[in-house]
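Next up, target_17.cif (mmCIF, C-alpha atoms and all ligand atoms):
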data_data
loop_
_atom_site.group_PDB
_atom_site.id
_atom_site.type_symbol
_atom_site.label_atom_id
_atom_site.label_comp_id
_atom_site.auth_asym_id
_atom_site.auth_seq_id
_atom_site.Cartn_x
_atom_site.Cartn_y
_atom_site.Cartn_z
ATOM 1 C CA MET A 1 51.769 306.291 222.345
ATOM 2 C CA LYS A 2 49.762 303.083 222.738
ATOM 3 C CA TYR A 3 46.758 304.704 221.044
ATOM 4 C CA LEU A 4 48.949 305.972 218.203
ATOM 5 C CA LEU A 5 50.083 302.379 217.503
ATOM 6 C CA LEU A 6 46.462 301.198 217.626
ATOM 7 C CA LEU A 7 45.446 303.970 215.227
ATOM 8 C CA GLY A 8 48.301 302.949 212.899
ATOM 9 C CA LEU A 9 47.203 299.311 213.025
ATOM 10 C CA VAL A 10 43.604 300.268 212.215
ATOM 11 C CA ALA A 11 44.860 302.433 209.321
ATOM 12 C CA VAL A 12 46.903 299.509 207.910
ATOM 13 C CA ILE A 13 43.944 297.113 208.229
ATOM 14 C CA TRP A 14 41.645 299.658 206.513
ATOM 15 C CA TRP A 15 44.239 300.209 203.730
ATOM 16 C CA VAL A 16 44.625 296.447 203.082
ATOM 17 C CA TRP A 17 40.840 295.952 203.181
ATOM 18 C CA SER A 18 40.203 298.813 200.723
ATOM 19 C CA LYS A 19 42.883 297.457 198.363
ATOM 20 C CA ARG A 20 41.317 293.981 198.464
ATOM 21 C CA LYS A 21 37.867 295.462 197.835
ATOM 22 C CA ALA A 22 39.208 297.411 194.828
ATOM 23 C CA ALA A 23 40.787 294.223 193.435
ATOM 24 C CA ALA A 24 37.515 292.326 193.875
ATOM 25 C CA ASP A 25 35.576 295.098 192.096
ATOM 26 C CA ALA A 26 38.044 295.367 189.186
ATOM 27 C CA PRO A 27 36.779 292.440 187.045
ATOM 28 C CA ARG A 28 33.236 293.848 187.110
ATOM 29 C CA VAL A 29 34.481 297.285 186.012
ATOM 30 C CA ARG A 30 36.483 295.828 183.088
ATOM 31 C CA PRO A 31 34.424 296.140 179.911
ATOM 32 C CA THR A 32 33.583 292.858 178.261
ATOM 33 C CA SER A 33 32.793 292.199 174.651
ATOM 34 C CA PRO A 34 29.028 292.595 174.198
ATOM 35 C CA ASP A 35 28.838 289.636 171.813
ATOM 36 C CA PRO A 36 31.515 287.009 172.537
ATOM 37 C CA GLU A 37 32.314 284.870 169.541
ATOM 38 C CA LYS A 38 30.936 281.348 169.464
ATOM 39 C CA MET A 39 33.595 278.684 169.980
ATOM 40 C CA VAL A 40 33.527 275.478 167.976
ATOM 41 C CA SER A 41 35.641 272.340 168.237
ATOM 42 C CA CYS A 42 37.478 270.647 165.389
ATOM 43 C CA ALA A 43 35.784 267.368 164.465
ATOM 44 C CA HIS A 44 39.209 265.855 163.689
ATOM 45 C CA CYS A 45 41.520 266.911 166.553
ATOM 46 C CA GLY A 46 39.008 268.462 168.991
ATOM 47 C CA VAL A 47 40.785 271.818 169.359
ATOM 48 C CA TYR A 48 38.543 274.794 170.226
ATOM 49 C CA LEU A 49 38.640 277.829 167.964
ATOM 50 C CA PRO A 50 36.431 280.820 167.080
ATOM 51 C CA GLU A 51 33.701 279.983 164.598
ATOM 52 C CA SER A 52 35.034 282.614 162.141
ATOM 53 C CA ASP A 53 38.415 280.815 162.006
ATOM 54 C CA SER A 54 36.899 277.373 161.484
ATOM 55 C CA VAL A 55 36.322 275.446 158.256
ATOM 56 C CA SER A 56 32.864 273.912 158.114
ATOM 57 C CA ASP A 57 31.860 270.940 155.980
ATOM 58 C CA GLY A 58 28.679 268.900 156.160
ATOM 59 C CA GLY A 59 27.591 270.376 159.505
ATOM 60 C CA LEU A 60 30.981 269.653 161.085
ATOM 61 C CA THR A 61 33.658 272.220 161.875
ATOM 62 C CA TYR A 62 37.418 271.827 161.499
ATOM 63 C CA CYS A 63 40.405 273.896 162.645
ATOM 64 C CA CYS A 64 42.080 273.922 159.228
ATOM 65 C CA GLU A 65 41.677 272.791 155.634
ATOM 66 C CA ALA A 66 43.994 269.800 156.220
ATOM 67 C CA HIS A 67 41.764 268.437 158.989
ATOM 68 C CA ARG A 68 38.664 269.021 156.853
ATOM 69 C CA ALA A 69 40.279 266.880 154.144
ATOM 70 C CA LEU A 70 41.138 264.158 156.698
ATOM 71 C CA GLY A 71 37.577 264.212 157.996
ATOM 72 C CA SER A 72 36.234 263.657 161.498
ATOM 73 C CA SER A 73 37.919 261.262 163.934
ATOM 74 C CA ALA A 74 34.683 259.235 163.980
ATOM 75 C CA ASP A 75 35.006 258.550 160.235
ATOM 76 C CA ARG A 76 38.393 256.869 160.728
ATOM 77 C CA ARG A 77 37.042 254.120 162.986
HETATM 78 ZN ZN ZN B 1 41.882 270.003 163.834
#
In structure tokens, write the structure found in this file.
Amino acid sequence: MKYLLLLGLVAVIWWVWSKRKAAADAPRVRPTSPDPEKMVSCAHCGVYLPESDSVSDGGLTYCCEAHRALGSSADRR
């Protein structure tokens, strides 16, 4: 009976260990985008957004047309 309990304990430890190992391996298995989009920050408010969603003007990028019109925060000083 004592050995049966020991065997059960070993089985539980092995089960927990294998579950943890599977969880650790999961992020590597998950497919990632081969070409992640470049992130840019708004020159006015500093928010980060994908380059395709940004509005660029004079080498600076903005989050929206309104912030492009207001200009960069450096211009307001
Ligand atoms: Zn902005």
Using Å and a single decimal, report how far CA of Leu7 in chain A sits from CA of Lys21 in chain A.
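Separation between CA of Lys21 in chain A and CA of Leu7 in chain A: 20.8 Å.
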Who sits within 10 Å of Leu49 in chain A, only C-alpha atoms, same chain under 4 positions skipped, as a PyMOL selection string
chain A and resi 37-42+53-54+61-63
Do a neighbour search on Arg68 in chain A at 12 Å with only C-alpha atoms, toss out local chain neighbours closer than 4 positions, and write the hits as a ChimeraX atom specification.
/A:42-45,54-64,72-73,75
Considering all atoms listed in the file, state which residue in the set A:Val12, A:Leu70, A:Leu5, A:Gly46 is at the smallest distance from ligand ZN 1 (chain B).
A:Gly46
Would you work out the distance separating atom ZN of ligand ZN 1 (chain B) from CA of Pro34 in chain A, expressed in Å to one decimal?
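Rounded to one decimal, the two atoms are 28.0 Å apart.
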One decimal, Å: what's the distance from CA of Ala24 in chain A over to CA of Leu6 in chain A, could you say?
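Computing the Euclidean distance for CA of Ala24 in chain A and CA of Leu6 in chain A yields 26.9 Å.
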